[in-house]
$ cat input04.txt   # compact mmCIF, C-alpha atoms
# COMPACT_ATOMS: atom_id res chain seq x y z
CA MET G 1 -26.49 15.89 47.58
CA ILE G 2 -27.64 16.82 44.09
CA ALA G 3 -24.32 18.49 43.43
CA LYS G 4 -22.49 15.39 44.61
CA HIS G 5 -24.50 13.09 42.33
CA GLY G 6 -24.13 15.60 39.51
CA PHE G 7 -20.36 15.46 39.91
CA ARG G 8 -20.38 11.65 39.82
CA PHE G 9 -22.61 11.63 36.76
CA GLY G 10 -20.37 14.11 34.98
CA ARG G 11 -17.30 12.02 35.79
CA LEU G 12 -19.07 8.89 34.52
CA VAL G 13 -19.90 10.61 31.23
CA ALA G 14 -16.26 11.64 30.87
CA TYR G 15 -15.08 8.06 31.47
CA LEU G 16 -17.59 6.71 28.95
CA GLY G 17 -16.42 9.27 26.41
CA MET G 18 -12.82 8.16 26.88
CA ALA G 19 -13.76 4.51 26.51
CA THR G 20 -15.79 5.19 23.39
CA SER G 21 -12.90 7.05 21.77
CA LEU G 22 -10.67 4.04 22.33
CA LEU G 23 -13.17 1.76 20.60
CA LEU G 24 -13.66 3.95 17.55
CA PRO G 25 -11.85 2.90 14.36
CA ALA G 26 -8.68 4.74 13.38
CA GLY G 27 -9.40 8.12 11.90
CA SER G 28 -12.89 8.46 13.38
CA ALA G 29 -11.90 10.97 16.03
CA SER G 30 -9.79 13.21 13.82
CA ALA G 31 -10.42 15.32 10.74
CA GLU G 32 -9.45 13.93 7.35
CA VAL G 33 -6.59 15.39 5.36
CA SER G 34 -7.27 18.69 3.62
CA GLU G 35 -4.96 17.71 0.77
CA VAL G 36 -4.41 14.37 -0.96
CA ARG G 37 -1.16 13.93 -2.93
CA ILE G 38 -1.32 11.45 -5.81
CA ALA G 39 1.48 10.39 -8.14
CA GLN G 40 1.48 8.87 -11.61
CA GLN G 41 4.07 7.74 -14.13
CA PHE G 42 4.47 8.12 -17.89
CA GLY G 43 2.41 6.35 -20.54
CA VAL G 44 -1.12 5.62 -21.73
CA ASN G 45 -1.27 2.94 -19.03
CA TYR G 46 -1.79 5.74 -16.51
CA LEU G 47 -4.65 7.31 -18.49
CA PRO G 48 -7.25 6.69 -15.73
CA LEU G 49 -5.25 9.04 -13.50
CA THR G 50 -5.04 11.64 -16.27
CA VAL G 51 -8.83 11.47 -16.61
CA MET G 52 -9.25 11.78 -12.84
CA LYS G 53 -7.06 14.87 -12.83
CA LYS G 54 -8.59 16.55 -15.90
CA HIS G 55 -12.20 16.05 -14.81
CA GLN G 56 -11.45 16.68 -11.11
CA LEU G 57 -13.16 13.43 -10.22
CA VAL G 58 -11.57 13.13 -6.79
CA GLU G 59 -12.87 16.58 -5.88
CA LYS G 60 -16.31 15.64 -7.27
CA HIS G 61 -16.62 12.50 -5.17
CA ALA G 62 -15.08 14.14 -2.12
CA GLN G 63 -17.77 16.82 -2.23
CA ARG G 64 -20.45 14.14 -2.54
CA LEU G 65 -19.03 12.49 0.59
CA GLY G 66 -19.01 15.73 2.58
CA LEU G 67 -15.44 16.95 1.94
CA PRO G 68 -16.04 20.07 -0.18
CA THR G 69 -12.69 21.78 0.34
CA ILE G 70 -10.19 19.02 -0.33
CA LYS G 71 -7.15 19.87 -2.46
CA VAL G 72 -5.72 17.29 -4.88
CA THR G 73 -2.04 17.60 -5.82
CA TRP G 74 -0.68 15.55 -8.72
CA THR G 75 2.98 14.64 -9.28
CA GLN G 76 4.61 12.69 -12.12
CA PHE G 77 7.52 10.31 -11.52
CA GLY G 78 9.75 8.46 -13.97
CA ALA G 79 10.05 5.28 -11.89
CA GLY G 80 8.33 3.55 -9.01
CA ASN G 81 11.34 3.30 -6.68
CA VAL G 82 11.56 7.10 -6.33
CA MET G 83 7.81 7.28 -5.77
CA ASN G 84 7.98 4.64 -3.05
CA GLU G 85 10.64 6.67 -1.26
CA ALA G 86 8.25 9.63 -1.29
CA LEU G 87 5.49 7.42 0.13
CA PHE G 88 7.81 6.22 2.92
CA ALA G 89 8.87 9.80 3.67
CA GLY G 90 5.27 10.94 4.02
CA SER G 91 5.48 13.44 1.16
CA LEU G 92 3.05 11.38 -0.94
CA ASP G 93 -0.30 9.82 -0.04
CA ILE G 94 -1.15 7.60 -2.99
CA ALA G 95 1.36 6.10 -5.42
CA SER G 96 0.97 4.26 -8.70
CA GLY G 97 3.12 1.59 -10.24
CA GLY G 98 3.49 -1.94 -11.53
CA VAL G 99 2.46 -5.13 -9.76
CA GLY G 100 6.09 -6.05 -9.06
CA PRO G 101 6.85 -2.86 -7.13
CA LEU G 102 3.48 -3.12 -5.35
CA LEU G 103 4.24 -6.67 -4.17
CA LYS G 104 7.69 -5.64 -2.99
CA ILE G 105 6.44 -2.67 -1.00
CA TRP G 106 3.52 -4.74 0.37
CA ASP G 107 6.02 -7.35 1.55
CA LYS G 108 8.50 -4.82 2.92
CA THR G 109 5.91 -2.86 4.92
CA LYS G 110 3.86 -5.81 6.22
CA GLY G 111 3.26 -5.22 9.92
CA ASN G 112 4.31 -1.55 9.91
CA LEU G 113 3.18 0.84 7.16
CA ASP G 114 1.10 -1.97 5.62
CA VAL G 115 1.04 -0.65 2.06
CA ARG G 116 -1.65 -2.24 -0.10
CA GLY G 117 -3.27 -1.67 -3.46
CA VAL G 118 -6.30 0.53 -3.97
CA ALA G 119 -7.32 -0.96 -7.33
CA SER G 120 -5.91 -1.80 -10.74
CA LEU G 121 -5.45 0.82 -13.45
CA GLY G 122 -5.74 -1.83 -16.13
CA SER G 123 -4.46 -5.02 -17.71
CA MET G 124 -2.12 -4.03 -20.54
CA PRO G 125 0.75 -5.85 -22.26
CA LEU G 126 4.38 -4.76 -22.03
CA TYR G 127 6.62 -5.27 -25.07
CA LEU G 128 10.33 -6.02 -25.06
CA ASN G 129 11.59 -4.44 -28.30
CA THR G 130 15.04 -4.55 -29.88
CA THR G 131 17.08 -3.25 -32.80
CA ASN G 132 19.55 -6.15 -32.64
CA PRO G 133 18.85 -8.34 -35.71
CA ARG G 134 20.55 -11.29 -33.98
CA VAL G 135 18.00 -11.38 -31.16
CA LYS G 136 15.05 -13.58 -32.13
CA SER G 137 14.10 -14.58 -28.57
CA ILE G 138 15.09 -13.70 -25.04
CA ALA G 139 17.66 -16.50 -25.10
CA ASP G 140 19.65 -14.58 -27.75
CA PHE G 141 20.47 -11.57 -25.55
CA GLY G 142 24.07 -11.49 -24.47
CA LYS G 143 27.24 -9.46 -24.05
CA GLY G 144 26.97 -6.13 -25.84
CA ASP G 145 23.19 -5.81 -25.45
CA LYS G 146 21.69 -3.13 -23.23
CA ILE G 147 18.04 -3.31 -22.19
CA ALA G 148 16.44 -0.08 -20.95
CA LEU G 149 13.64 -0.25 -18.36
CA PRO G 150 12.30 2.13 -15.69
CA ALA G 151 14.19 0.65 -12.74
CA VAL G 152 16.66 -2.23 -12.48
CA ARG G 153 15.42 -5.33 -10.56
CA VAL G 154 12.31 -3.73 -9.07
CA SER G 155 10.18 -2.31 -11.91
CA ILE G 156 7.34 -4.37 -13.38
CA GLN G 157 9.40 -4.68 -16.58
CA ALA G 158 12.34 -6.04 -14.57
CA ILE G 159 10.12 -8.64 -12.89
CA VAL G 160 8.64 -9.80 -16.21
CA LEU G 161 12.15 -9.99 -17.64
CA GLN G 162 13.13 -12.25 -14.72
CA MET G 163 10.09 -14.44 -15.34
CA ALA G 164 10.88 -14.74 -19.04
CA THR G 165 14.53 -15.49 -18.27
CA ALA G 166 13.51 -18.20 -15.82
CA LYS G 167 11.39 -19.81 -18.52
CA ALA G 168 14.28 -19.74 -20.99
CA PHE G 169 17.18 -20.73 -18.73
CA GLY G 170 15.60 -22.30 -15.62
CA LEU G 171 14.42 -20.76 -12.37
CA GLU G 172 17.89 -20.73 -10.84
CA ASN G 173 19.05 -18.44 -13.68
CA TYR G 174 16.21 -15.93 -13.41
CA ALA G 175 18.68 -13.03 -12.94
CA LYS G 176 20.92 -14.04 -15.85
CA LEU G 177 20.14 -10.91 -17.90
CA GLU G 178 20.09 -8.34 -15.08
CA ASP G 179 23.61 -7.12 -15.90
CA LEU G 180 22.31 -6.06 -19.31
CA THR G 181 19.60 -3.77 -17.90
CA VAL G 182 19.84 0.01 -17.61
CA ALA G 183 17.46 2.27 -15.67
CA MET G 184 15.92 4.89 -17.98
CA ARG G 185 12.67 6.81 -18.30
CA HIS G 186 10.44 5.54 -21.11
CA PRO G 187 10.61 8.75 -23.20
CA ASP G 188 14.42 8.73 -22.99
CA ALA G 189 14.61 5.01 -23.81
CA LEU G 190 12.39 5.53 -26.86
CA ALA G 191 14.72 8.23 -28.14
CA ALA G 192 17.83 6.16 -27.40
CA LEU G 193 16.53 3.02 -29.11
CA THR G 194 15.20 4.66 -32.27
CA SER G 195 18.15 7.03 -32.76
CA GLY G 196 20.62 4.17 -33.00
CA GLY G 197 23.35 6.40 -31.64
CA THR G 198 23.58 4.92 -28.12
CA GLU G 199 24.45 1.60 -26.49
CA ILE G 200 20.75 0.95 -25.85
CA ASN G 201 19.55 -1.67 -28.33
CA ALA G 202 16.51 -2.96 -26.43
CA HIS G 203 13.71 -1.43 -24.39
CA PHE G 204 11.15 -3.11 -22.13
CA ALA G 205 8.49 -0.47 -22.57
CA ASN G 206 4.81 0.31 -22.15
CA SER G 207 2.23 2.13 -24.29
CA PRO G 208 2.50 4.34 -26.28
CA PHE G 209 6.29 4.10 -26.35
CA GLN G 210 6.41 0.44 -27.41
CA GLU G 211 4.02 1.08 -30.32
CA GLN G 212 5.99 4.16 -31.37
CA GLU G 213 9.18 2.10 -31.45
CA LEU G 214 7.58 -0.54 -33.65
CA GLN G 215 6.91 2.09 -36.30
CA ASN G 216 10.67 2.15 -36.86
CA PRO G 217 11.66 -0.54 -39.41
CA ASN G 218 14.77 -1.37 -37.38
CA VAL G 219 12.75 -2.26 -34.28
CA ARG G 220 11.00 -5.55 -33.66
CA ARG G 221 9.18 -7.12 -30.75
CA VAL G 222 10.91 -9.95 -28.90
CA LEU G 223 8.09 -10.79 -26.49
CA SER G 224 4.95 -9.55 -24.74
CA SER G 225 4.31 -9.78 -21.01
CA TYR G 226 1.05 -11.61 -21.80
CA GLU G 227 3.10 -14.39 -23.40
CA VAL G 228 5.20 -14.67 -20.27
CA LEU G 229 2.24 -14.69 -17.86
CA GLY G 230 -0.05 -16.79 -20.02
CA GLY G 231 -2.76 -14.19 -20.53
CA ALA G 232 -4.06 -10.77 -19.53
CA SER G 233 -2.66 -9.45 -16.25
CA THR G 234 -2.68 -6.23 -14.28
CA LEU G 235 0.10 -3.88 -15.27
CA ASN G 236 -0.18 -1.16 -12.63
CA SER G 237 -2.21 -0.12 -9.62
CA LEU G 238 -2.81 2.67 -7.16
CA TYR G 239 -1.53 1.91 -3.65
CA THR G 240 -1.25 3.58 -0.26
CA THR G 241 -0.54 2.97 3.42
CA LYS G 242 -2.94 1.50 5.97
CA LYS G 243 -2.59 4.72 7.97
CA PHE G 244 -3.92 6.80 5.10
CA HIS G 245 -6.65 4.27 4.28
CA ASP G 246 -7.90 3.95 7.88
CA GLY G 247 -7.40 7.57 8.88
CA ASN G 248 -9.13 9.10 5.86
CA PRO G 249 -12.03 6.82 4.92
CA LYS G 250 -13.99 9.45 2.98
CA THR G 251 -10.93 10.74 1.10
CA TYR G 252 -9.90 7.19 0.26
CA GLN G 253 -13.44 6.37 -0.93
CA ALA G 254 -13.42 9.51 -3.08
CA VAL G 255 -10.20 8.40 -4.80
CA PHE G 256 -11.54 4.87 -5.28
CA ASP G 257 -14.84 6.11 -6.72
CA ALA G 258 -13.01 8.61 -8.94
CA LEU G 259 -10.89 5.82 -10.39
CA LYS G 260 -13.98 3.71 -11.08
CA GLU G 261 -15.61 6.62 -12.88
CA ALA G 262 -12.45 7.35 -14.89
CA VAL G 263 -12.43 3.74 -16.12
CA GLN G 264 -16.05 4.13 -17.25
CA ILE G 265 -15.28 7.41 -19.05
CA ILE G 266 -12.39 5.87 -21.00
CA ASN G 267 -14.29 2.76 -22.02
CA LYS G 268 -17.35 4.76 -23.07
CA ASP G 269 -15.52 7.02 -25.55
CA LYS G 270 -11.98 5.95 -26.47
CA ARG G 271 -11.61 8.64 -29.12
CA ALA G 272 -12.26 11.36 -26.54
CA ALA G 273 -9.93 9.59 -24.09
CA ALA G 274 -7.18 9.54 -26.72
CA GLU G 275 -7.60 13.25 -27.39
CA LEU G 276 -7.53 14.00 -23.67
CA TYR G 277 -4.28 12.03 -23.27
CA ILE G 278 -2.60 13.94 -26.09
CA ALA G 279 -3.72 17.31 -24.75
CA GLU G 280 -2.74 16.64 -21.14
CA GLU G 281 0.61 15.02 -21.97
CA GLN G 282 1.29 17.63 -24.67
CA SER G 283 2.03 14.71 -26.97
CA LYS G 284 2.76 15.03 -30.68
CA LEU G 285 1.09 11.70 -31.39
CA ALA G 286 -1.97 11.58 -33.65
CA PRO G 287 -5.28 10.94 -31.86
CA GLU G 288 -5.84 7.96 -34.17
CA PHE G 289 -2.58 6.39 -32.99
CA VAL G 290 -3.54 6.53 -29.31
CA GLN G 291 -7.13 5.53 -30.07
CA LYS G 292 -5.84 2.39 -31.83
CA ILE G 293 -3.91 1.45 -28.68
CA LEU G 294 -6.99 1.95 -26.50
CA GLU G 295 -9.11 -0.16 -28.87
CA ASP G 296 -6.67 -3.08 -28.89
CA PRO G 297 -8.50 -6.04 -27.26
CA GLU G 298 -5.39 -6.70 -25.15
CA PHE G 299 -5.44 -3.17 -23.72
CA ILE G 300 -8.03 -3.55 -20.93
CA VAL G 301 -8.85 -0.49 -18.82
CA THR G 302 -10.26 -1.94 -15.60
CA SER G 303 -10.03 -1.47 -11.84
CA THR G 304 -10.13 -5.25 -11.29
CA PRO G 305 -6.75 -6.79 -10.33
CA GLN G 306 -5.82 -9.72 -12.59
CA GLY G 307 -2.99 -12.26 -12.46
CA ILE G 308 -1.60 -10.90 -9.18
CA MET G 309 -0.83 -14.35 -7.81
CA LYS G 310 1.24 -15.30 -10.89
CA TYR G 311 3.62 -12.46 -10.05
CA ALA G 312 3.52 -13.18 -6.31
CA ASP G 313 4.23 -16.90 -6.65
CA PHE G 314 7.24 -16.26 -8.89
CA MET G 315 8.65 -13.49 -6.70
CA TYR G 316 8.27 -15.67 -3.61
CA ARG G 317 10.05 -18.59 -5.29
CA VAL G 318 13.07 -16.44 -6.22
CA LYS G 319 13.06 -14.75 -2.79
CA GLY G 320 11.99 -11.41 -4.24
CA ILE G 321 9.45 -11.25 -1.42
CA LYS G 322 9.50 -12.96 1.99
CA ASN G 323 5.73 -13.28 2.36
CA ASN G 324 3.57 -15.04 -0.20
CA PRO G 325 -0.02 -13.72 -0.16
CA SER G 326 -2.69 -16.40 0.20
CA ASN G 327 -4.71 -14.66 -2.52
CA TRP G 328 -4.83 -11.34 -4.35
CA LYS G 329 -7.08 -9.79 -1.68
CA ASP G 330 -4.20 -9.85 0.80
CA VAL G 331 -2.44 -7.27 -1.40
CA TYR G 332 -5.40 -4.89 -1.90
CA PHE G 333 -7.64 -3.00 0.53
CA GLN G 334 -11.17 -4.33 0.98
CA GLU G 335 -12.98 -1.75 -1.14
CA VAL G 336 -12.01 -3.63 -4.33
CA HIS G 337 -12.55 -7.15 -2.96
CA ALA G 338 -16.05 -7.44 -4.48
CA GLU G 339 -14.54 -7.40 -7.97
CA PRO G 340 -13.68 -10.73 -9.70
CA GLY G 341 -9.91 -10.47 -9.29
CA SER G 342 -7.23 -13.13 -9.49
$ encode --input "input04.txt" --output "structure tokens"
Amino acid sequence: MIAKHGFRFGRLVAYLGMATSLLLPAGSASAEVSEVRIAQQFGVNYLPLTVMKKHQLVEKHAQRLGLPTIKVTWTQFGAGNVMNEALFAGSLDIASGGVGPLLKIWDKTKGNLDVRGVASLGSMPLYLNTTNPRVKSIADFGKGDKIALPAVRVSIQAIVLQMATAKAFGLENYAKLEDLTVAMRHPDALAALTSGGTEINAHFANSPFQEQELQNPNVRRVLSSYEVLGGASTLNSLYTTKKFHDGNPKTYQAVFDALKEAVQIINKDKRAAAELYIAEEQSKLAPEFVQKILEDPEFIVTSTPQGIMKYADFMYRVKGIKNNPSNWKDVYFQEVHAEPGS
């Protein structure tokens, strides 16, 4: 009799265990990843990631959260479209890129991979520079001009160019200048524009490349992204899939906390941050040059997303995305929702 009841009790425990496992949130029943693969792009705008890498902040916060043996692998890409392909293929865990690419991948993966932002890397202006003396405003670009940017149609520079074009020529003509754009890495575009020996006579850049270009007397700024958007706005963000977020809560939290600490480190000592950037990027720039960029009031290193809905509303109106988020929180995971975003 005892054996019979013991058998029933054991079977009941087994059933309860199965039921409990079904109710647990994703990732609770399995071990977290032993390696997290993070990608960044070129420029001072990605300095928070450089700080995270140099000071091993992800490893630091992972250990605090009980993941002492995690490996962090860093990769550098020249454009967001290639990085997104790596994210889709599963060879990358966390990507970084402009708001435009983030909104596109959020829209494209809604209901399947569900890619969303982790947090902002900062609100920084983008400059459209040119060597064409005839070009005084965006309306003056025409046949014979070639505008370099990281990726045609999908990069953050391409989206801002569309927005500026829509302002100049009307919403229906937002793509009027797309035939003038050429995909090129920022370092290569800098060299092409300042050498004067190529067809490239304009570059929609980021820091420090845009400031380097403006040191050349033949280069002048046509517009800033802040002018187009009407104020400070997020330039780039970290983003990942819902699967990674839900399946690796401690690893994700470690990355999020590492980013927050990196932002604090940069804002506390911008001279040291400038020197770190030069050393890690093996740059020939003077520390004072990079420090001046970091101290510009328009160059805001922050994890708080800003101006996301300005991008989203425009992209939805021109059918760049099918889904229009109700607010910026739709595009980012909940860990950053407490911050005063827009």
$ closest_residue --input "input04.txt" --among "G:Asp145, G:Glu35, G:Glu85, G:Asp246" --to "Thr69 (chain G)" --atoms "all atoms listed in the file"
G:Glu35
$ residues_around --input "input04.txt" --residues "Asp179 (chain G)" --least-positions-apart "4" --cutoff "10 Å" --atoms "all atoms listed in the file" --output "list in words"
Gly142, Lys143, Asp145, Lys146, Ile147, Val152, Arg153 and Ala175 of chain G
$ write_last_selection --input "input04.txt" --atoms "C-alpha atoms" --output "PDB file, in the coordinates of the input"
ATOM      1  CA  GLY G 142      24.070 -11.490 -24.470  1.00  0.00           C
ATOM      2  CA  LYS G 143      27.240  -9.460 -24.050  1.00  0.00           C
ATOM      3  CA  ASP G 145      23.190  -5.810 -25.450  1.00  0.00           C
ATOM      4  CA  LYS G 146      21.690  -3.130 -23.230  1.00  0.00           C
ATOM      5  CA  ILE G 147      18.040  -3.310 -22.190  1.00  0.00           C
ATOM      6  CA  VAL G 152      16.660  -2.230 -12.480  1.00  0.00           C
ATOM      7  CA  ARG G 153      15.420  -5.330 -10.560  1.00  0.00           C
ATOM      8  CA  ALA G 175      18.680 -13.030 -12.940  1.00  0.00           C
TER       9      ALA G 175
END
$ residues_near_point --input "input04.txt" --point "(-8.1, 13.8, -5.4)" --cutoff "10 Å" --atoms "only C-alpha atoms" --output "list in words"
Glu35, Val36, Arg37, Ile38, Leu49, Met52, Lys53, Gln56, Leu57, Val58, Glu59, Lys60, His61, Ala62, Ile70, Lys71, Val72, Thr73, Trp74, Ile94, Thr251, Tyr252, Ala254, Val255, Phe256, Ala258 and Leu259 of chain G
$ atom_distance --input "input04.txt" --atom1 "CA of Ala279 (chain G)" --atom2 "CA of Glu295 (chain G)"
18.7 Å
$ residues_around --input "input04.txt" --residues "Asp188 (chain G)" --least-positions-apart "2" --cutoff "12 Å" --atoms "all atoms listed in the file" --output "VMD selection string"
chain G and resid 42 78 148 to 150 182 to 186 190 to 195 198 200 203 205 209 213
$ closest_residue --input "input04.txt" --among "G:Val115, G:Leu177, G:Val33, G:Ala262" --to "Tyr239 (chain G)" --atoms "all atoms listed in the file"
G:Val115
$ residues_near_point --input "input04.txt" --point "(3.3, 0.4, -20.9)" --cutoff "6 Å" --atoms "only C-alpha atoms" --output "VMD selection string"
chain G and resid 45 126 205 to 207
$ write_last_selection --input "input04.txt" --atoms "C-alpha atoms" --output "PDB file, in the coordinates of the input"
ATOM      1  CA  ASN G  45      -1.270   2.940 -19.030  1.00  0.00           C
ATOM      2  CA  LEU G 126       4.380  -4.760 -22.030  1.00  0.00           C
ATOM      3  CA  ALA G 205       8.490  -0.470 -22.570  1.00  0.00           C
ATOM      4  CA  ASN G 206       4.810   0.310 -22.150  1.00  0.00           C
ATOM      5  CA  SER G 207       2.230   2.130 -24.290  1.00  0.00           C
TER       6      SER G 207
END
$ closest_residue --input "input04.txt" --among "G:Leu47, G:Ala39, G:Leu65, G:Ile300" --to "Asp257 (chain G)" --atoms "only C-alpha atoms"
G:Leu65
$ closest_residue --input "input04.txt" --among "G:Ala119, G:Ala139, G:Ala164, G:Asn173" --to "Val301 (chain G)" --atoms "all atoms listed in the file"
G:Ala119
$ atom_distance --input "input04.txt" --atom1 "CA of Val154 (chain G)" --atom2 "CA of Thr75 (chain G)"
20.6 Å
$ residues_around --input "input04.txt" --residues "Gly111 (chain G)" --least-positions-apart "5" --cutoff "12 Å" --atoms "all atoms listed in the file" --output "PyMOL selection string"
chain G and resi 105-106+116+241-243+323
$ atom_distance --input "input04.txt" --atom1 "CA of Phe77 (chain G)" --atom2 "CA of Gln41 (chain G)"
5.0 Å
$ closest_residue --input "input04.txt" --among "G:His55, G:Lys104, G:Arg220, G:Arg271" --to "Ile293 (chain G)" --atoms "all atoms listed in the file"
G:Arg271
$ closest_residue --input "input04.txt" --among "G:Gln76, G:Asn327, G:Thr302, G:Gln215" --to "Ile265 (chain G)" --atoms "all atoms listed in the file"
G:Thr302
$ residues_around --input "input04.txt" --residues "Tyr226 (chain G)" --least-positions-apart "4" --cutoff "8 Å" --atoms "all atoms listed in the file" --output "list of chain:residue names"
G:Pro125, G:Leu126, G:Gly230, G:Gly231, G:Ala232, G:Ser233
